file structure_11.txt (compact mmCIF, C-alpha atoms and all ligand atoms)
# COMPACT_ATOMS: atom_id res chain seq x y z
CA MET A 2 122.40 121.37 59.52
CA ALA A 3 120.20 122.21 62.53
CA GLU A 4 119.66 125.91 63.14
CA ASP A 5 120.73 127.39 66.45
CA VAL A 6 117.86 128.53 68.58
CA SER A 7 118.78 132.06 69.62
CA SER A 8 118.42 133.29 73.17
CA GLU A 9 115.57 135.62 72.13
CA GLN A 10 113.39 132.77 70.92
CA ILE A 11 113.23 130.49 73.93
CA GLU A 12 113.52 130.68 77.68
CA GLN A 13 117.11 130.38 78.85
CA TRP A 14 118.12 128.31 81.86
CA VAL A 15 121.01 128.59 84.25
CA HIS A 16 122.26 125.81 86.52
CA LEU A 17 122.68 127.51 89.90
CA ASN A 18 123.98 125.37 92.76
CA GLY A 19 122.40 122.22 91.41
CA LYS A 20 119.08 123.66 90.21
CA LEU A 21 118.00 124.76 86.75
CA VAL A 22 116.46 128.21 87.09
CA PRO A 23 115.22 130.67 84.45
CA LYS A 24 118.09 132.98 83.51
CA GLN A 25 116.29 136.13 84.70
CA ASP A 26 115.88 134.55 88.16
CA ALA A 27 119.49 133.37 88.52
CA ALA A 28 120.79 135.55 91.37
CA LEU A 29 123.82 135.26 93.63
CA SER A 30 124.36 136.58 97.14
CA ILE A 31 126.02 140.01 97.35
CA TYR A 32 128.45 138.28 99.75
CA ASP A 33 129.52 135.62 97.30
CA HIS A 34 133.32 135.38 97.57
CA GLY A 35 133.60 135.34 93.78
CA PHE A 36 131.94 138.77 93.66
CA LEU A 37 133.59 140.18 96.78
CA TYR A 38 137.16 138.98 96.20
CA GLY A 39 137.44 137.16 92.87
CA ASP A 40 137.79 134.06 95.04
CA GLY A 41 136.84 131.40 92.53
CA ALA A 42 137.65 129.88 89.18
CA PHE A 43 135.97 129.32 85.85
CA GLU A 44 135.97 127.55 82.53
CA GLY A 45 134.81 128.79 79.14
CA ILE A 46 133.75 125.83 77.00
CA ARG A 47 132.44 125.60 73.43
CA VAL A 48 129.71 123.50 71.87
CA TYR A 49 130.08 122.86 68.15
CA GLU A 50 127.14 121.31 66.31
CA GLY A 51 126.04 119.40 69.39
CA ASN A 52 129.56 118.43 70.48
CA ILE A 53 130.84 119.85 73.78
CA PHE A 54 134.48 120.22 72.82
CA ARG A 55 136.90 118.51 75.23
CA LEU A 56 134.53 118.78 78.17
CA GLY A 57 136.59 116.25 80.15
CA PRO A 58 139.84 118.28 79.97
CA HIS A 59 137.95 121.49 80.85
CA LEU A 60 136.46 119.88 83.97
CA ALA A 61 139.82 118.39 84.91
CA ARG A 62 141.38 121.88 84.70
CA LEU A 63 138.53 123.35 86.78
CA PHE A 64 139.15 120.77 89.49
CA ARG A 65 142.89 121.49 89.40
CA SER A 66 142.13 125.21 89.82
CA ALA A 67 139.78 124.45 92.74
CA ARG A 68 142.35 122.20 94.40
CA ALA A 69 145.07 124.84 94.04
CA LEU A 70 142.78 127.48 95.58
CA LYS A 71 141.65 124.96 98.23
CA ILE A 72 138.02 125.43 97.25
CA GLU A 73 136.01 122.39 98.22
CA LEU A 74 133.23 121.92 95.72
CA ASP A 75 129.95 120.44 96.89
CA MET A 76 129.68 118.50 93.63
CA ASP A 77 131.98 115.89 92.20
CA LEU A 78 133.28 115.97 88.64
CA ALA A 79 130.70 113.48 87.30
CA THR A 80 127.85 115.59 88.73
CA ILE A 81 129.16 118.80 87.19
CA HIS A 82 129.67 116.97 83.90
CA ALA A 83 126.03 115.85 83.94
CA ARG A 84 124.86 119.36 84.83
CA VAL A 85 126.78 120.96 81.99
CA VAL A 86 125.10 118.54 79.57
CA GLU A 87 121.72 119.21 81.19
CA THR A 88 122.16 123.00 80.82
CA VAL A 89 123.14 122.74 77.15
CA ARG A 90 120.11 120.54 76.48
CA ALA A 91 117.72 122.79 78.42
CA ASN A 92 118.86 125.75 76.31
CA HIS A 93 118.69 123.79 73.02
CA LEU A 94 122.21 125.01 72.37
CA LYS A 95 123.66 123.41 69.23
CA SER A 96 126.65 125.74 68.90
CA GLY A 97 127.76 128.32 71.43
CA TYR A 98 129.57 129.02 74.65
CA ILE A 99 129.23 127.51 78.13
CA ARG A 100 130.39 129.49 81.11
CA LEU A 101 131.08 127.41 84.21
CA SER A 102 132.01 129.49 87.25
CA ILE A 103 132.67 128.45 90.81
CA SER A 104 133.41 130.38 93.97
CA ARG A 105 134.39 129.47 97.49
CA GLY A 106 130.90 130.31 98.69
CA VAL A 107 129.11 133.06 100.61
CA GLY A 108 130.54 135.03 103.51
CA LEU A 109 131.65 138.54 104.38
CA GLY A 110 135.32 138.90 105.25
CA LEU A 111 138.15 137.41 103.31
CA ASP A 112 138.88 134.64 105.80
CA PRO A 113 137.55 131.43 104.21
CA ALA A 114 136.60 130.34 107.75
CA HIS A 115 133.74 132.88 107.52
CA ILE A 116 132.09 131.08 104.63
CA ALA A 117 128.63 130.19 105.89
CA LYS A 118 127.34 128.24 102.92
CA GLY A 119 129.06 125.81 100.58
CA SER A 120 130.64 126.58 97.24
CA THR A 121 128.82 128.33 94.40
CA VAL A 122 128.55 126.60 91.02
CA VAL A 123 126.97 128.40 88.07
CA ILE A 124 126.57 127.03 84.53
CA SER A 125 125.16 129.26 81.82
CA THR A 126 125.20 129.30 78.04
CA GLU A 127 125.54 132.07 75.47
CA GLN A 128 126.04 132.66 71.77
CA LEU A 129 129.59 133.76 71.04
CA ARG A 130 131.65 135.21 68.22
CA LEU A 131 134.79 136.92 69.46
CA TYR A 132 136.20 138.32 66.21
CA PRO A 133 134.64 139.16 62.84
CA GLN A 134 135.44 136.85 59.90
CA GLU A 135 137.77 139.53 58.53
CA ALA A 136 140.09 139.02 61.52
CA TYR A 137 140.34 135.29 60.72
CA ASP A 138 140.99 136.02 57.03
CA GLN A 139 143.62 138.70 57.61
CA GLY A 140 145.05 137.87 61.02
CA LEU A 141 145.20 139.99 64.14
CA ASP A 142 147.17 143.13 64.81
CA VAL A 143 148.54 142.64 68.33
CA ILE A 144 150.48 144.80 70.79
CA THR A 145 152.58 143.94 73.83
CA ALA A 146 150.94 145.11 77.04
CA SER A 147 152.90 146.78 79.83
CA THR A 148 150.83 144.72 82.30
CA ARG A 149 152.74 141.52 83.14
CA VAL A 150 151.60 137.99 83.96
CA PRO A 151 152.10 137.50 87.72
CA PRO A 152 154.67 134.96 88.89
CA ALA A 153 153.52 131.70 90.48
CA CYS A 154 154.43 133.07 93.91
CA CYS A 155 151.58 135.61 93.51
CA ILE A 156 148.53 134.38 91.59
CA ASP A 157 149.74 131.26 89.80
CA PRO A 158 148.77 131.84 86.15
CA GLN A 159 148.12 128.11 85.76
CA ILE A 160 145.03 128.59 87.90
CA LYS A 161 142.10 129.86 85.87
CA SER A 162 141.04 131.93 88.85
CA LEU A 163 138.47 134.71 88.71
CA GLY A 164 140.77 137.18 90.49
CA ARG A 165 143.70 136.90 88.09
CA TYR A 166 141.62 138.34 85.30
CA VAL A 167 141.71 141.92 86.58
CA ASN A 168 145.30 141.81 85.35
CA ASN A 169 144.29 140.47 81.93
CA ILE A 170 141.52 143.06 81.70
CA ALA A 171 144.12 145.78 82.35
CA ALA A 172 146.18 144.38 79.45
CA LYS A 173 143.09 144.17 77.22
CA LEU A 174 142.38 147.85 77.96
CA GLU A 175 145.86 148.61 76.64
CA ALA A 176 145.01 146.78 73.40
CA ASN A 177 141.64 148.56 73.12
CA ARG A 178 143.30 151.94 73.63
CA VAL A 179 145.25 151.54 70.39
CA GLY A 180 142.66 149.51 68.48
CA ALA A 181 144.69 146.25 68.58
CA GLY A 182 142.92 142.89 68.42
CA GLU A 183 144.80 141.40 71.37
CA ALA A 184 147.65 142.10 73.76
CA LEU A 185 150.62 139.87 74.43
CA MET A 186 151.63 139.61 78.07
CA LEU A 187 155.19 139.11 79.23
CA ASN A 188 156.20 137.44 82.47
CA MET A 189 158.33 139.19 85.09
CA GLN A 190 161.52 138.05 83.28
CA GLY A 191 160.35 139.75 80.09
CA ASN A 192 159.64 136.53 78.20
CA VAL A 193 156.38 136.09 76.30
CA ALA A 194 153.81 134.17 78.34
CA GLU A 195 150.53 134.39 76.41
CA ALA A 196 147.84 136.85 75.32
CA THR A 197 145.05 138.17 77.57
CA GLY A 198 142.71 135.30 76.70
CA ASP A 199 144.78 133.07 74.46
CA ASN A 200 147.98 131.06 74.21
CA ILE A 201 150.57 131.87 71.57
CA PHE A 202 152.33 129.67 69.01
CA LEU A 203 155.16 130.64 66.66
CA VAL A 204 156.41 128.88 63.55
CA LYS A 205 160.19 128.82 63.25
CA ASP A 206 162.02 126.71 60.66
CA GLY A 207 158.67 125.05 59.92
CA LYS A 208 158.33 123.89 63.52
CA LEU A 209 155.93 125.03 66.23
CA ILE A 210 157.00 126.63 69.51
CA THR A 211 154.82 127.67 72.42
CA PRO A 212 155.85 129.00 75.85
CA PRO A 213 155.76 126.49 78.72
CA THR A 214 153.33 126.97 81.61
CA SER A 215 156.36 127.72 83.79
CA ASP A 216 156.75 130.92 81.71
CA GLY A 217 153.20 131.99 82.65
CA ALA A 218 151.08 130.30 79.98
CA LEU A 219 147.70 128.90 80.96
CA PRO A 220 147.53 125.16 80.23
CA GLY A 221 145.06 125.91 77.44
CA ILE A 222 142.65 123.31 76.13
CA THR A 223 142.96 124.71 72.59
CA ARG A 224 146.75 124.82 73.03
CA GLN A 225 146.74 121.11 73.86
CA ALA A 226 144.45 120.40 70.89
CA VAL A 227 146.91 122.18 68.58
CA MET A 228 149.81 120.22 70.09
CA ASP A 229 147.86 116.99 69.45
CA LEU A 230 147.10 118.04 65.87
CA ALA A 231 150.75 118.90 65.23
CA LYS A 232 151.74 115.42 66.41
CA GLU A 233 149.23 113.83 64.01
CA MET A 234 150.54 116.02 61.17
CA GLY A 235 154.12 115.02 61.96
CA ILE A 236 155.06 118.62 62.77
CA SER A 237 157.44 119.16 65.65
CA CYS A 238 155.96 121.23 68.49
CA THR A 239 158.07 122.19 71.48
CA GLU A 240 157.47 124.20 74.62
CA ALA A 241 160.26 126.77 74.84
CA THR A 242 160.89 130.22 76.23
CA ILE A 243 160.26 132.90 73.63
CA THR A 244 161.02 136.59 73.59
CA LEU A 245 159.54 139.43 71.56
CA TYR A 246 162.52 139.02 69.21
CA ASP A 247 161.21 135.54 68.39
CA VAL A 248 157.71 136.88 67.83
CA TYR A 249 158.86 139.67 65.51
CA ASN A 250 161.02 137.25 63.50
CA ALA A 251 158.62 134.30 63.38
CA GLU A 252 157.66 132.80 60.03
CA GLU A 253 154.09 132.60 61.29
CA ALA A 254 152.33 133.24 64.57
CA PHE A 255 148.89 132.39 65.87
CA LEU A 256 146.83 132.54 69.03
CA THR A 257 144.66 129.78 70.50
CA GLY A 258 141.77 129.98 72.92
CA THR A 259 138.29 128.67 73.50
CA ALA A 260 136.72 131.98 72.49
CA ALA A 261 139.11 132.98 69.67
CA GLU A 262 139.71 129.37 68.50
CA VAL A 263 142.85 129.46 66.29
CA ILE A 264 143.57 132.87 64.79
CA ALA A 265 146.63 134.15 62.94
CA MET A 266 148.63 137.02 64.37
CA THR A 267 150.00 138.95 61.42
CA ARG A 268 151.31 142.12 63.07
CA CYS A 269 152.86 142.74 66.45
CA ASP A 270 154.00 146.10 67.82
CA GLU A 271 154.05 147.55 64.27
CA ARG A 272 156.20 144.68 62.89
CA VAL A 273 154.76 142.54 60.10
CA ILE A 274 154.99 138.85 60.95
CA GLY A 275 156.04 136.62 58.04
CA ASN A 276 154.45 137.92 54.87
CA GLY A 277 151.70 139.68 56.83
CA LYS A 278 149.06 137.07 55.96
CA PRO A 279 147.90 133.95 57.83
CA GLY A 280 150.65 131.44 57.03
CA SER A 281 150.16 128.05 55.35
CA LEU A 282 150.82 126.01 58.51
CA THR A 283 148.49 128.26 60.51
CA GLN A 284 145.79 127.73 57.88
CA ARG A 285 146.25 123.95 57.97
CA ILE A 286 145.93 123.99 61.74
CA ILE A 287 142.80 126.17 61.57
CA THR A 288 141.22 123.72 59.10
CA ASP A 289 142.11 120.64 61.15
CA PHE A 290 141.11 122.30 64.42
CA ARG A 291 137.65 123.08 62.98
CA LYS A 292 137.22 119.41 62.05
CA LEU A 293 138.35 118.32 65.51
CA THR A 294 135.80 120.56 67.26
CA LEU A 295 132.99 118.54 65.70
CA VAL A 296 134.17 115.12 66.84
CA ASP A 297 136.31 115.40 69.97
CA GLY A 298 134.10 115.79 73.01
CA VAL A 299 130.75 114.90 74.48
CA LYS A 300 127.66 114.69 72.26
CA VAL A 301 124.46 116.37 73.44
C1 LIG B 401 144.77 133.85 80.08
C2 LIG B 401 144.36 132.80 79.11
N1 LIG B 401 145.28 132.15 78.42
C3 LIG B 401 144.96 131.19 77.53
C4 LIG B 401 143.64 130.85 77.29
C5 LIG B 401 143.32 129.78 76.33
O1 LIG B 401 142.90 128.62 77.00
P1 LIG B 401 141.79 127.66 76.40
O2 LIG B 401 142.30 127.16 75.09
O3 LIG B 401 141.64 126.60 77.41
O4 LIG B 401 140.55 128.47 76.23
C6 LIG B 401 142.63 131.51 78.00
C7 LIG B 401 141.22 131.18 77.81
O5 LIG B 401 140.69 130.32 78.47
C8 LIG B 401 142.99 132.51 78.94
O6 LIG B 401 142.07 133.16 79.64
call {"tool": "encode", "arguments": {"input": "structure_11.txt", "output": "C-alpha cells"}}
result
Amino acid sequence: MAEDVSSEQIEQWVHLNGKLVPKQDAALSIYDHGFLYGDGAFEGIRVYEGNIFRLGPHLARLFRSARALKIELDMDLATIHARVVETVRANHLKSGYIRLSISRGVGLGLDPAHIAKGSTVVISTEQLRLYPQEAYDQGLDVITASTRVPPACCIDPQIKSLGRYVNNIAAKLEANRVGAGEALMLNMQGNVAEATGDNIFLVKDGKLITPPTSDGALPGITRQAVMDLAKEMGISCTEATITLYDVYNAEEAFLTGTAAEVIAMTRCDERVIGNGKPGSLTQRIITDFRKLTLVDGVKV
C-alpha cells in the first residue's frame, strides 16, 4: 500500500480561480461574498487509496446548490472535475479530504449586482480524521441540539451553502458544551432532520429508515451510498419522518457523512440505543461502505 505523503513533507497546492498556487500564497479578497456574507456553497469530498469517492455526485450537488443560489460559475462541471483531479495529483494525495468552495464573487454590499469580478472557486486538500478509532468501535454519544434546521422558506437545507453552517456550528457548540460526539438537529415541526454534519439512519424491525430531504436532511452523498448498499444487500430502506421517540427506541442507529463516514450512534440524550454497541447491521454497512470507497469514483 502506498504511503500518504503528509502536508509537512511536500509543497501543497491550492486551485484558486483556475490556477494552481502554493498553499501559503492562496489568498482571497477581503470583499469576497463568501467571507462577507456566507454567499457561496461547498463540497467536502474524500479520496481513498487514489479513488475520489463519488466525485460526480458531489459536483452535481455543488451545481444544484449554485443554481439554487443563482450563482453563475465561470467554470463548467467538466472543468471543475478536471481541476479537482489536478489538485489531488499536485498534492500527491492518496487518501484524504478535498474541500471545494465557491462564492458568488467579490464585491462590497450584499446586492449581487455589485459583484465586480466573477465567481470564486477554491479547491484544496487536507488530511482528515474526524473521530478517534474508539468512537467507531463504541459508537457516538449524541445529544439533541436546541438549534433547529431552518425551513426551506429560509435557507433551504438542501443547499450546501456556506451561510447555513453558522446554524450547524451553533448546534455543534451545544454538543461540545456537554462533551457529546455530535448533535441531532430537529426541524421546525420537531421531527429529526439530521446531525450537524451528517445524515441519520435508524434500524427498526431490521429495516432502515432515514428522514426525507423535505424534513430538512441534506441529500448526502454517503446517505445515498448507504441506500445503494442496502438495496444490494436486500435490506429495505425507506425515507420517512422520524421523531426522537423513534431514535430512542431504535434497534440501531448510525450517522453518515463524508467526514465521519458511517459511525454508530449508541447513546442519545442519555438513552442507550439498542444494546449500547454498534449493531450488526450497522457493522455490515460500515464494512461494505469501506469496500465501496475504494472502487466507486474517479481514479487519480
Ligand atoms: C448538514 C449536513 N448533513 C449531512 C451531511 C452528509 O453529507 P455527505 O454524505 O454528502 O457528506 C453533511 C456533510 O456534508 C452536512 O454538512
call {"tool": "closest_residue", "arguments": {"input": "structure_11.txt", "among": "A:Leu256, A:Leu219, A:Val296, A:Met228", "to": "ligand LIG 401 (chain B)", "atoms": "all atoms listed in the file"}}
result
A:Leu219
call {"tool": "closest_atom_pairs", "arguments": {"input": "structure_11.txt", "of": "chain A", "to": "ligand LIG 401 (chain B)", "cutoff": "10 Å", "atoms": "all atoms listed in the file", "output": "Markdown table"}}
result
| residue | atom | partner | partner_atom | distance |
| --- | --- | --- | --- | --- |
| A:Phe43 | CA | B:LIG401 | O5 | 8.8 |
| A:Glu44 | CA | B:LIG401 | O5 | 6.8 |
| A:Gly45 | CA | B:LIG401 | O5 | 6.1 |
| A:Ile46 | CA | B:LIG401 | O4 | 7.3 |
| A:Arg47 | CA | B:LIG401 | O4 | 9.0 |
| A:Arg55 | CA | B:LIG401 | O3 | 9.6 |
| A:Pro58 | CA | B:LIG401 | O3 | 8.9 |
| A:His59 | CA | B:LIG401 | O3 | 7.2 |
| A:Arg62 | CA | B:LIG401 | O3 | 8.7 |
| A:Val150 | CA | B:LIG401 | C1 | 8.9 |
| A:Pro158 | CA | B:LIG401 | C1 | 7.5 |
| A:Gln159 | CA | B:LIG401 | C1 | 8.7 |
| A:Ile160 | CA | B:LIG401 | C1 | 9.4 |
| A:Lys161 | CA | B:LIG401 | O6 | 7.1 |
| A:Ser162 | CA | B:LIG401 | O6 | 9.3 |
| A:Leu163 | CA | B:LIG401 | O6 | 9.9 |
| A:Arg165 | CA | B:LIG401 | C1 | 8.6 |
| A:Tyr166 | CA | B:LIG401 | C1 | 7.6 |
| A:Asn168 | CA | B:LIG401 | C1 | 9.6 |
| A:Asn169 | CA | B:LIG401 | C1 | 6.9 |
| A:Ile170 | CA | B:LIG401 | C1 | 9.9 |
| A:Met186 | CA | B:LIG401 | C1 | 9.2 |
| A:Ala194 | CA | B:LIG401 | N1 | 8.8 |
| A:Glu195 | CA | B:LIG401 | N1 | 6.1 |
| A:Ala196 | CA | B:LIG401 | N1 | 6.2 |
| A:Thr197 | CA | B:LIG401 | C1 | 5.0 |
| A:Gly198 | CA | B:LIG401 | C8 | 3.6 |
| A:Asp199 | CA | B:LIG401 | C3 | 3.6 |
| A:Asn200 | CA | B:LIG401 | C3 | 4.5 |
| A:Ile201 | CA | B:LIG401 | C3 | 8.2 |
| A:Gly217 | CA | B:LIG401 | N1 | 9.0 |
| A:Ala218 | CA | B:LIG401 | N1 | 6.3 |
| A:Leu219 | CA | B:LIG401 | N1 | 4.8 |
| A:Pro220 | CA | B:LIG401 | O1 | 6.6 |
| A:Gly221 | CA | B:LIG401 | O3 | 3.5 |
| A:Ile222 | CA | B:LIG401 | O3 | 3.7 |
| A:Thr223 | CA | B:LIG401 | O2 | 3.6 |
| A:Arg224 | CA | B:LIG401 | O2 | 5.4 |
| A:Gln225 | CA | B:LIG401 | O2 | 7.6 |
| A:Ala226 | CA | B:LIG401 | O2 | 8.2 |
| A:Val227 | CA | B:LIG401 | O2 | 9.4 |
| A:Leu256 | CA | B:LIG401 | C5 | 8.6 |
| A:Thr257 | CA | B:LIG401 | O2 | 5.8 |
| A:Gly258 | CA | B:LIG401 | O2 | 3.6 |
| A:Thr259 | CA | B:LIG401 | O4 | 3.5 |
| A:Ala260 | CA | B:LIG401 | O4 | 6.4 |
| A:Ala261 | CA | B:LIG401 | O4 | 8.1 |
| A:Glu262 | CA | B:LIG401 | O2 | 7.4 |
| A:Val263 | CA | B:LIG401 | O2 | 9.1 |
call {"tool": "residues_around", "arguments": {"input": "structure_11.txt", "residues": "segment 64-77 of chain A", "least_positions_apart": "2", "cutoff": "8 Å", "atoms": "all atoms listed in the file", "output": "ChimeraX atom specification"}}
result
/A:41-42,60-62,79-81,104-105,119-121,159-162
call {"tool": "closest_atom_pairs", "arguments": {"input": "structure_11.txt", "of": "segment 168-240 of chain A", "to": "segment 277-294 of chain A", "cutoff": "10 Å", "atoms": "only C-alpha atoms", "output": "CSV"}}
result
residue,atom,partner,partner_atom,distance
A:Phe202,CA,A:Thr283,CA,9.4
A:Leu203,CA,A:Thr283,CA,9.4
A:Val204,CA,A:Leu282,CA,8.1
A:Gly207,CA,A:Leu282,CA,8.0
A:Lys208,CA,A:Leu282,CA,9.3
A:Leu209,CA,A:Leu282,CA,9.3
A:Thr223,CA,A:Phe290,CA,8.7
A:Ala226,CA,A:Phe290,CA,7.5
A:Val227,CA,A:Phe290,CA,7.1
A:Met228,CA,A:Ile286,CA,9.9
A:Asp229,CA,A:Phe290,CA,10.0
A:Leu230,CA,A:Ile286,CA,7.3
A:Ala231,CA,A:Ile286,CA,7.8
A:Met234,CA,A:Ile286,CA,9.2
A:Ile236,CA,A:Leu282,CA,9.5
call {"tool": "atom_distance", "arguments": {"input": "structure_11.txt", "atom1": "atom CA of Val89 of chain A", "atom2": "atom CA of His16 of chain A"}}
result
9.9 Å
call {"tool": "residues_near_point", "arguments": {"input": "structure_11.txt", "point": "(146.7, 146.4, 73.5)", "cutoff": "12 Å", "atoms": "all atoms listed in the file", "output": "PyMOL selection string"}}
result
chain A and resi 141-148+169-186+196-197+269-271
call {"tool": "closest_residue", "arguments": {"input": "structure_11.txt", "among": "A:Gly57, A:Gly39, A:Pro213, A:Gly235", "to": "Val193 of chain A", "atoms": "all atoms listed in the file"}}
result
A:Pro213
call {"tool": "closest_residue", "arguments": {"input": "structure_11.txt", "among": "A:Leu78, A:Val107, A:Ile53, A:Val248", "to": "Tyr38 of chain A", "atoms": "all atoms listed in the file"}}
result
A:Val107
call {"tool": "residues_around", "arguments": {"input": "structure_11.txt", "residues": "Ala91 of chain A", "least_positions_apart": "2", "cutoff": "12 Å", "atoms": "all atoms listed in the file", "output": "PDB file with C-alpha atoms, in the coordinates of the input"}}
result
ATOM      1  CA  VAL A   6     117.860 128.530  68.580  1.00  0.00           C
ATOM      2  CA  SER A   8     118.420 133.290  73.170  1.00  0.00           C
ATOM      3  CA  ILE A  11     113.230 130.490  73.930  1.00  0.00           C
ATOM      4  CA  GLU A  12     113.520 130.680  77.680  1.00  0.00           C
ATOM      5  CA  GLN A  13     117.110 130.380  78.850  1.00  0.00           C
ATOM      6  CA  TRP A  14     118.120 128.310  81.860  1.00  0.00           C
ATOM      7  CA  VAL A  15     121.010 128.590  84.250  1.00  0.00           C
ATOM      8  CA  HIS A  16     122.260 125.810  86.520  1.00  0.00           C
ATOM      9  CA  LYS A  20     119.080 123.660  90.210  1.00  0.00           C
ATOM     10  CA  LEU A  21     118.000 124.760  86.750  1.00  0.00           C
ATOM     11  CA  VAL A  22     116.460 128.210  87.090  1.00  0.00           C
ATOM     12  CA  PRO A  23     115.220 130.670  84.450  1.00  0.00           C
ATOM     13  CA  LYS A  24     118.090 132.980  83.510  1.00  0.00           C
ATOM     14  CA  ARG A  84     124.860 119.360  84.830  1.00  0.00           C
ATOM     15  CA  VAL A  85     126.780 120.960  81.990  1.00  0.00           C
ATOM     16  CA  VAL A  86     125.100 118.540  79.570  1.00  0.00           C
ATOM     17  CA  GLU A  87     121.720 119.210  81.190  1.00  0.00           C
ATOM     18  CA  THR A  88     122.160 123.000  80.820  1.00  0.00           C
ATOM     19  CA  VAL A  89     123.140 122.740  77.150  1.00  0.00           C
ATOM     20  CA  HIS A  93     118.690 123.790  73.020  1.00  0.00           C
ATOM     21  CA  LEU A  94     122.210 125.010  72.370  1.00  0.00           C
ATOM     22  CA  LYS A  95     123.660 123.410  69.230  1.00  0.00           C
ATOM     23  CA  ILE A 124     126.570 127.030  84.530  1.00  0.00           C
ATOM     24  CA  SER A 125     125.160 129.260  81.820  1.00  0.00           C
ATOM     25  CA  THR A 126     125.200 129.300  78.040  1.00  0.00           C
ATOM     26  CA  VAL A 301     124.460 116.370  73.440  1.00  0.00           C
TER      27      VAL A 301
END
call {"tool": "closest_residue", "arguments": {"input": "structure_11.txt", "among": "A:Tyr98, A:Phe54, A:Tyr49, A:Tyr246", "to": "Gln128 of chain A", "atoms": "all atoms listed in the file"}}
result
A:Tyr98
call {"tool": "atom_distance", "arguments": {"input": "structure_11.txt", "atom1": "atom CA of Asn276 of chain A", "atom2": "atom CA of Tyr132 of chain A"}}
result
21.5 Å
call {"tool": "atom_distance", "arguments": {"input": "structure_11.txt", "atom1": "atom CA of Ile264 of chain A", "atom2": "atom CA of Glu240 of chain A"}}
result
19.1 Å
call {"tool": "residues_around", "arguments": {"input": "structure_11.txt", "residues": "segment 187-192 of chain A", "least_positions_apart": "4", "cutoff": "7 Å", "atoms": "only C-alpha atoms", "output": "JSON, numbers by chain"}}
result
{"A": [149, 150, 151, 152, 216, 217, 242, 243, 244]}
call {"tool": "decode", "arguments": {"input": "structure_11.txt", "residues": "segment 57-70 of chain A", "atoms": "N, CA and C atoms", "output": "short mmCIF file (atom, residue, chain, number, x, y, z; two decimals), in the first residue's frame"}}
result
data_model
loop_
_atom_site.label_atom_id
_atom_site.label_comp_id
_atom_site.auth_asym_id
_atom_site.auth_seq_id
_atom_site.Cartn_x
_atom_site.Cartn_y
_atom_site.Cartn_z
N GLY A 57 -18.48 12.56 -9.13
CA GLY A 57 -19.58 13.02 -9.99
C GLY A 57 -20.78 13.51 -9.18
N PRO A 58 -21.31 12.69 -8.25
CA PRO A 58 -22.44 13.15 -7.44
C PRO A 58 -22.13 14.39 -6.59
N HIS A 59 -20.88 14.51 -6.11
CA HIS A 59 -20.52 15.71 -5.34
C HIS A 59 -20.61 16.96 -6.24
N LEU A 60 -20.08 16.84 -7.46
CA LEU A 60 -20.09 18.01 -8.36
C LEU A 60 -21.52 18.32 -8.80
N ALA A 61 -22.31 17.28 -8.99
CA ALA A 61 -23.71 17.51 -9.37
C ALA A 61 -24.42 18.27 -8.25
N ARG A 62 -24.15 17.89 -6.97
CA ARG A 62 -24.79 18.60 -5.85
C ARG A 62 -24.28 20.03 -5.76
N LEU A 63 -22.99 20.24 -6.02
CA LEU A 63 -22.45 21.61 -5.99
C LEU A 63 -23.16 22.49 -7.02
N PHE A 64 -23.37 21.93 -8.20
CA PHE A 64 -24.03 22.71 -9.25
C PHE A 64 -25.51 22.93 -8.93
N ARG A 65 -26.13 22.01 -8.23
CA ARG A 65 -27.52 22.24 -7.80
C ARG A 65 -27.56 23.35 -6.75
N SER A 66 -26.58 23.35 -5.83
CA SER A 66 -26.51 24.42 -4.82
C SER A 66 -26.32 25.77 -5.52
N ALA A 67 -25.40 25.81 -6.49
CA ALA A 67 -25.10 27.07 -7.19
C ALA A 67 -26.34 27.56 -7.94
N ARG A 68 -27.04 26.64 -8.58
CA ARG A 68 -28.24 27.03 -9.33
C ARG A 68 -29.30 27.60 -8.38
N ALA A 69 -29.46 26.92 -7.23
CA ALA A 69 -30.48 27.38 -6.26
C ALA A 69 -30.13 28.76 -5.73
N LEU A 70 -28.84 29.03 -5.55
CA LEU A 70 -28.41 30.33 -5.03
C LEU A 70 -28.28 31.38 -6.15
#
